[in-house]
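Participant: One structure coming up, written as structure tokens, with questions to follow.
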Amino acid sequence: MDACYEVAIPRFNNSAPGDPTDQEFIKFRDNIDTNKILSLLYLAALGCATSEPVGGSSLSPAADFWSLVHIHFVLMLLNSKQPVDDFMATLRLLCTSVFPDSIGPINPDKPPEEVGQLLIDRISAHLTETPRWDIGVKKLREVRLAALQTLLAFAQSRLGLVQLAKHNWIIPRLVTLLSCSIEELYDGDMQYSLVDEDGTPCGLQRLVAHAMLLLHMIITAPLGSNTVDVSAKLAKTTGGSQKYLLSLSRLNFADDLVSEDTAELAHELLEMAVTSEAGEELGEIFSG
């Protein structure tokens, strides 16, 4: 982490586009490969996840590992001023930080709920923000897919799922991403396919499927009496409720556009969102 700070902090504090241009930074950048360091941390985290406690520790090695990682280190690397590959490596690393009662760094000065909210907010912002990175459409889909996969990993934790459900902006951001992605699907040939023309996995299809799965998990989270108020959260964005119903309807009634599993998830949320009469009206509109 100390080595990464020498490069990441100047990048984070730099107000101009691109990397700092001073010679001290260039010297550090040319001699500190942050991406390789993050790959090494990821391997260490994987090793800890498969190891038994040692030395009489009451914590698992994985929990010991994450108690040594600084929260500000992770948040700094999740900023778009850092290289896109470092951002994605940090997301991959965070997938090893999922425990029943915490996600991300285990910080004695911050409750796990606060850490969870910070991480969810920083990661989910990249689902809809215009990126600072000079990357193409395909790479941007990879970035957003990696963000969704990390958030889905968080949802496997009891605490993580609760914090996702409590977050004010995750549902509006997912709906915005879904709406834009579905528009792209409709602009294409509207045929469901697992691969693109070049034989690689279809990034747009995977993006829609992952966003729909995460949205379904959050809205149907078993929170007892504290159910997610979808309408209140969508009210935070202009046209949020309309985008939500339109996106669910398009997925539910689209033939050969998405997988059956994705369509079924949309169908379940649509049933929760509208009355039976309104559902019949939507069916007539989209079948016509």
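Ligands are numbered from 1 in the order shown, residues from 1 within each chain, and chains are lettered A, B, ... in the order they appear in the structure tokens.
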Please report as JSON lines every residue of range 33-132 of chain A lying within 8 Å of range 158-180 of chain A, along with the nearest atom pair and their distance in Å (one decimal), using only C-alpha atoms.

Facilitator:
{"residue": "A:Val98", "atom": "CA", "partner": "A:Gly160", "partner_atom": "CA", "distance": 7.9}
{"residue": "A:Pro100", "atom": "CA", "partner": "A:Arg158", "partner_atom": "CA", "distance": 5.3}
{"residue": "A:Asp101", "atom": "CA", "partner": "A:Leu159", "partner_atom": "CA", "distance": 5.2}
{"residue": "A:Ser102", "atom": "CA", "partner": "A:Leu159", "partner_atom": "CA", "distance": 6.0}
{"residue": "A:Ile103", "atom": "CA", "partner": "A:Gly160", "partner_atom": "CA", "distance": 6.3}
{"residue": "A:Glu113", "atom": "CA", "partner": "A:Gln163", "partner_atom": "CA", "distance": 6.7}
{"residue": "A:Gly116", "atom": "CA", "partner": "A:Gln163", "partner_atom": "CA", "distance": 6.4}
{"residue": "A:Gln117", "atom": "CA", "partner": "A:Gln163", "partner_atom": "CA", "distance": 6.3}
{"residue": "A:Ile120", "atom": "CA", "partner": "A:Leu164", "partner_atom": "CA", "distance": 7.0}
{"residue": "A:Asp121", "atom": "CA", "partner": "A:Ile170", "partner_atom": "CA", "distance": 7.4}
{"residue": "A:Ser124", "atom": "CA", "partner": "A:Ile170", "partner_atom": "CA", "distance": 6.3}
{"residue": "A:Ala125", "atom": "CA", "partner": "A:Arg173", "partner_atom": "CA", "distance": 7.4}
{"residue": "A:Leu127", "atom": "CA", "partner": "A:Leu177", "partner_atom": "CA", "distance": 6.4}
{"residue": "A:Thr128", "atom": "CA", "partner": "A:Leu177", "partner_atom": "CA", "distance": 6.1}

Participant: May I have the residues from that selection written out with N, CA, C and O atoms, as a short mmCIF file (atom, residue, chain, number, x, y, z; two decimals), in the first residue's frame?

Facilitator:
data_model
loop_
_atom_site.label_atom_id
_atom_site.label_comp_id
_atom_site.auth_asym_id
_atom_site.auth_seq_id
_atom_site.Cartn_x
_atom_site.Cartn_y
_atom_site.Cartn_z
N VAL A 98 -15.82 -10.12 1.35
CA VAL A 98 -17.22 -10.29 1.73
C VAL A 98 -17.34 -11.26 2.91
O VAL A 98 -17.01 -12.44 2.79
N PRO A 100 -20.02 -12.19 6.55
CA PRO A 100 -21.41 -12.01 6.99
C PRO A 100 -21.69 -10.64 7.60
O PRO A 100 -22.76 -10.07 7.38
N ASP A 101 -20.72 -10.10 8.34
CA ASP A 101 -20.96 -8.86 9.07
C ASP A 101 -20.12 -7.69 8.58
O ASP A 101 -20.03 -6.64 9.25
N SER A 102 -19.50 -7.82 7.42
CA SER A 102 -18.72 -6.70 6.88
C SER A 102 -18.42 -6.93 5.41
O SER A 102 -18.43 -8.07 4.94
N ILE A 103 -18.20 -5.83 4.70
CA ILE A 103 -17.68 -5.88 3.34
C ILE A 103 -16.58 -4.82 3.26
O ILE A 103 -16.66 -3.78 3.88
N GLU A 113 -21.17 -0.70 8.69
CA GLU A 113 -22.25 -0.10 7.91
C GLU A 113 -21.77 1.13 7.15
O GLU A 113 -22.14 1.34 5.99
N GLY A 116 -19.52 0.05 4.31
CA GLY A 116 -20.33 -0.50 3.23
C GLY A 116 -20.97 0.59 2.39
O GLY A 116 -20.97 0.52 1.16
N GLN A 117 -21.52 1.61 3.03
CA GLN A 117 -22.15 2.71 2.30
C GLN A 117 -21.14 3.46 1.43
O GLN A 117 -21.44 3.83 0.29
N ILE A 120 -20.28 1.12 -1.61
CA ILE A 120 -21.41 1.00 -2.54
C ILE A 120 -21.60 2.29 -3.32
O ILE A 120 -21.83 2.27 -4.54
N ASP A 121 -21.47 3.42 -2.65
CA ASP A 121 -21.66 4.69 -3.33
C ASP A 121 -20.57 4.92 -4.37
O ASP A 121 -20.87 5.33 -5.51
N SER A 124 -21.01 2.19 -7.32
CA SER A 124 -22.23 2.31 -8.12
C SER A 124 -22.24 3.60 -8.94
O SER A 124 -22.92 3.67 -9.98
N ALA A 125 -21.50 4.61 -8.53
CA ALA A 125 -21.45 5.85 -9.31
C ALA A 125 -20.91 5.60 -10.71
O ALA A 125 -21.29 6.26 -11.67
N LEU A 127 -21.58 3.22 -12.60
CA LEU A 127 -22.57 2.59 -13.47
C LEU A 127 -23.21 3.59 -14.42
O LEU A 127 -23.71 3.21 -15.49
N THR A 128 -23.22 4.85 -14.04
CA THR A 128 -23.93 5.85 -14.84
C THR A 128 -23.08 7.07 -15.19
O THR A 128 -23.41 7.78 -16.15
#

Participant: Enumerate, as a PyMOL selection string, the complete set of residues in range 50-288 of chain A that a backbone-based DSSP assignment places in alpha helix (DSSP H).

Facilitator: chain A and resi 61-68+71-77+84-94+112-125+137-154+158-166+170-187+203-219+230-234+240-253+260-273+276-287

Participant: List the spatial neighbours of range 209-224 of chain A as a ChimeraX atom specification - criterion: any atom at most 8 Å away, only C-alpha atoms, same-chain residues fewer than 2 positions off excluded.

Facilitator: /A:145,148-149,151-152,155,161-162,164-165,171,174,177-178,205-207,226-228,230,258-259,262,265-266,269

Participant: Report the distance between CA of Asp261 in chain A and CA of Val208 in chain A in Å, rounded to one decimal place.

Facilitator: 11.4 Å

Participant: For Ala146 in chain A, please output as a PyMOL selection string all residues within 7 Å (counting only C-alpha atoms; exclusion window: fewer than 3 positions along the same chain).

Facilitator: chain A and resi 88+91+142-143+149-150

Participant: Those same residues - N, CA, C and O atoms - I'd like them written as an mmCIF file, in the first residue's frame.

Facilitator:
data_model
loop_
_atom_site.group_PDB
_atom_site.id
_atom_site.type_symbol
_atom_site.label_atom_id
_atom_site.label_comp_id
_atom_site.auth_asym_id
_atom_site.auth_seq_id
_atom_site.Cartn_x
_atom_site.Cartn_y
_atom_site.Cartn_z
ATOM 1 N N MET A 88 -10.228 -1.682 -12.008
ATOM 2 C CA MET A 88 -10.821 -3.007 -12.136
ATOM 3 C C MET A 88 -10.118 -4.023 -11.238
ATOM 4 O O MET A 88 -10.754 -4.934 -10.702
ATOM 5 N N LEU A 91 -11.612 -3.627 -7.824
ATOM 6 C CA LEU A 91 -12.917 -4.283 -7.747
ATOM 7 C C LEU A 91 -12.754 -5.784 -7.534
ATOM 8 O O LEU A 91 -13.452 -6.392 -6.717
ATOM 9 N N GLU A 142 -17.117 -3.432 -19.926
ATOM 10 C CA GLU A 142 -16.336 -4.307 -19.039
ATOM 11 C C GLU A 142 -16.184 -3.679 -17.657
ATOM 12 O O GLU A 142 -16.277 -4.373 -16.638
ATOM 13 N N VAL A 143 -15.949 -2.377 -17.622
ATOM 14 C CA VAL A 143 -15.806 -1.665 -16.345
ATOM 15 C C VAL A 143 -17.106 -1.744 -15.545
ATOM 16 O O VAL A 143 -17.102 -2.067 -14.346
ATOM 17 N N GLN A 149 -20.512 -6.948 -10.801
ATOM 18 C CA GLN A 149 -20.092 -8.218 -10.207
ATOM 19 C C GLN A 149 -19.616 -8.028 -8.773
ATOM 20 O O GLN A 149 -19.882 -8.870 -7.900
ATOM 21 N N THR A 150 -18.942 -6.919 -8.506
ATOM 22 C CA THR A 150 -18.501 -6.632 -7.136
ATOM 23 C C THR A 150 -19.690 -6.349 -6.231
ATOM 24 O O THR A 150 -19.764 -6.833 -5.091
#

Participant: Give me, as number ranges by chain, all polymer residues having an atom no more than 10 Å from range 132-139 of chain A, counting only C-alpha atoms and skipping those fewer than 2 positions away in the same chain.

Facilitator: A: 17-18, 79-84, 129-130, 141-145, 202-204

Participant: I'd like to know which residues of range 72-233 of chain A are strand (DSSP E or B) (by DSSP, run on the backbone); could you write them as a ChimeraX atom specification?

Facilitator: /A:98-99,102-103,195,201
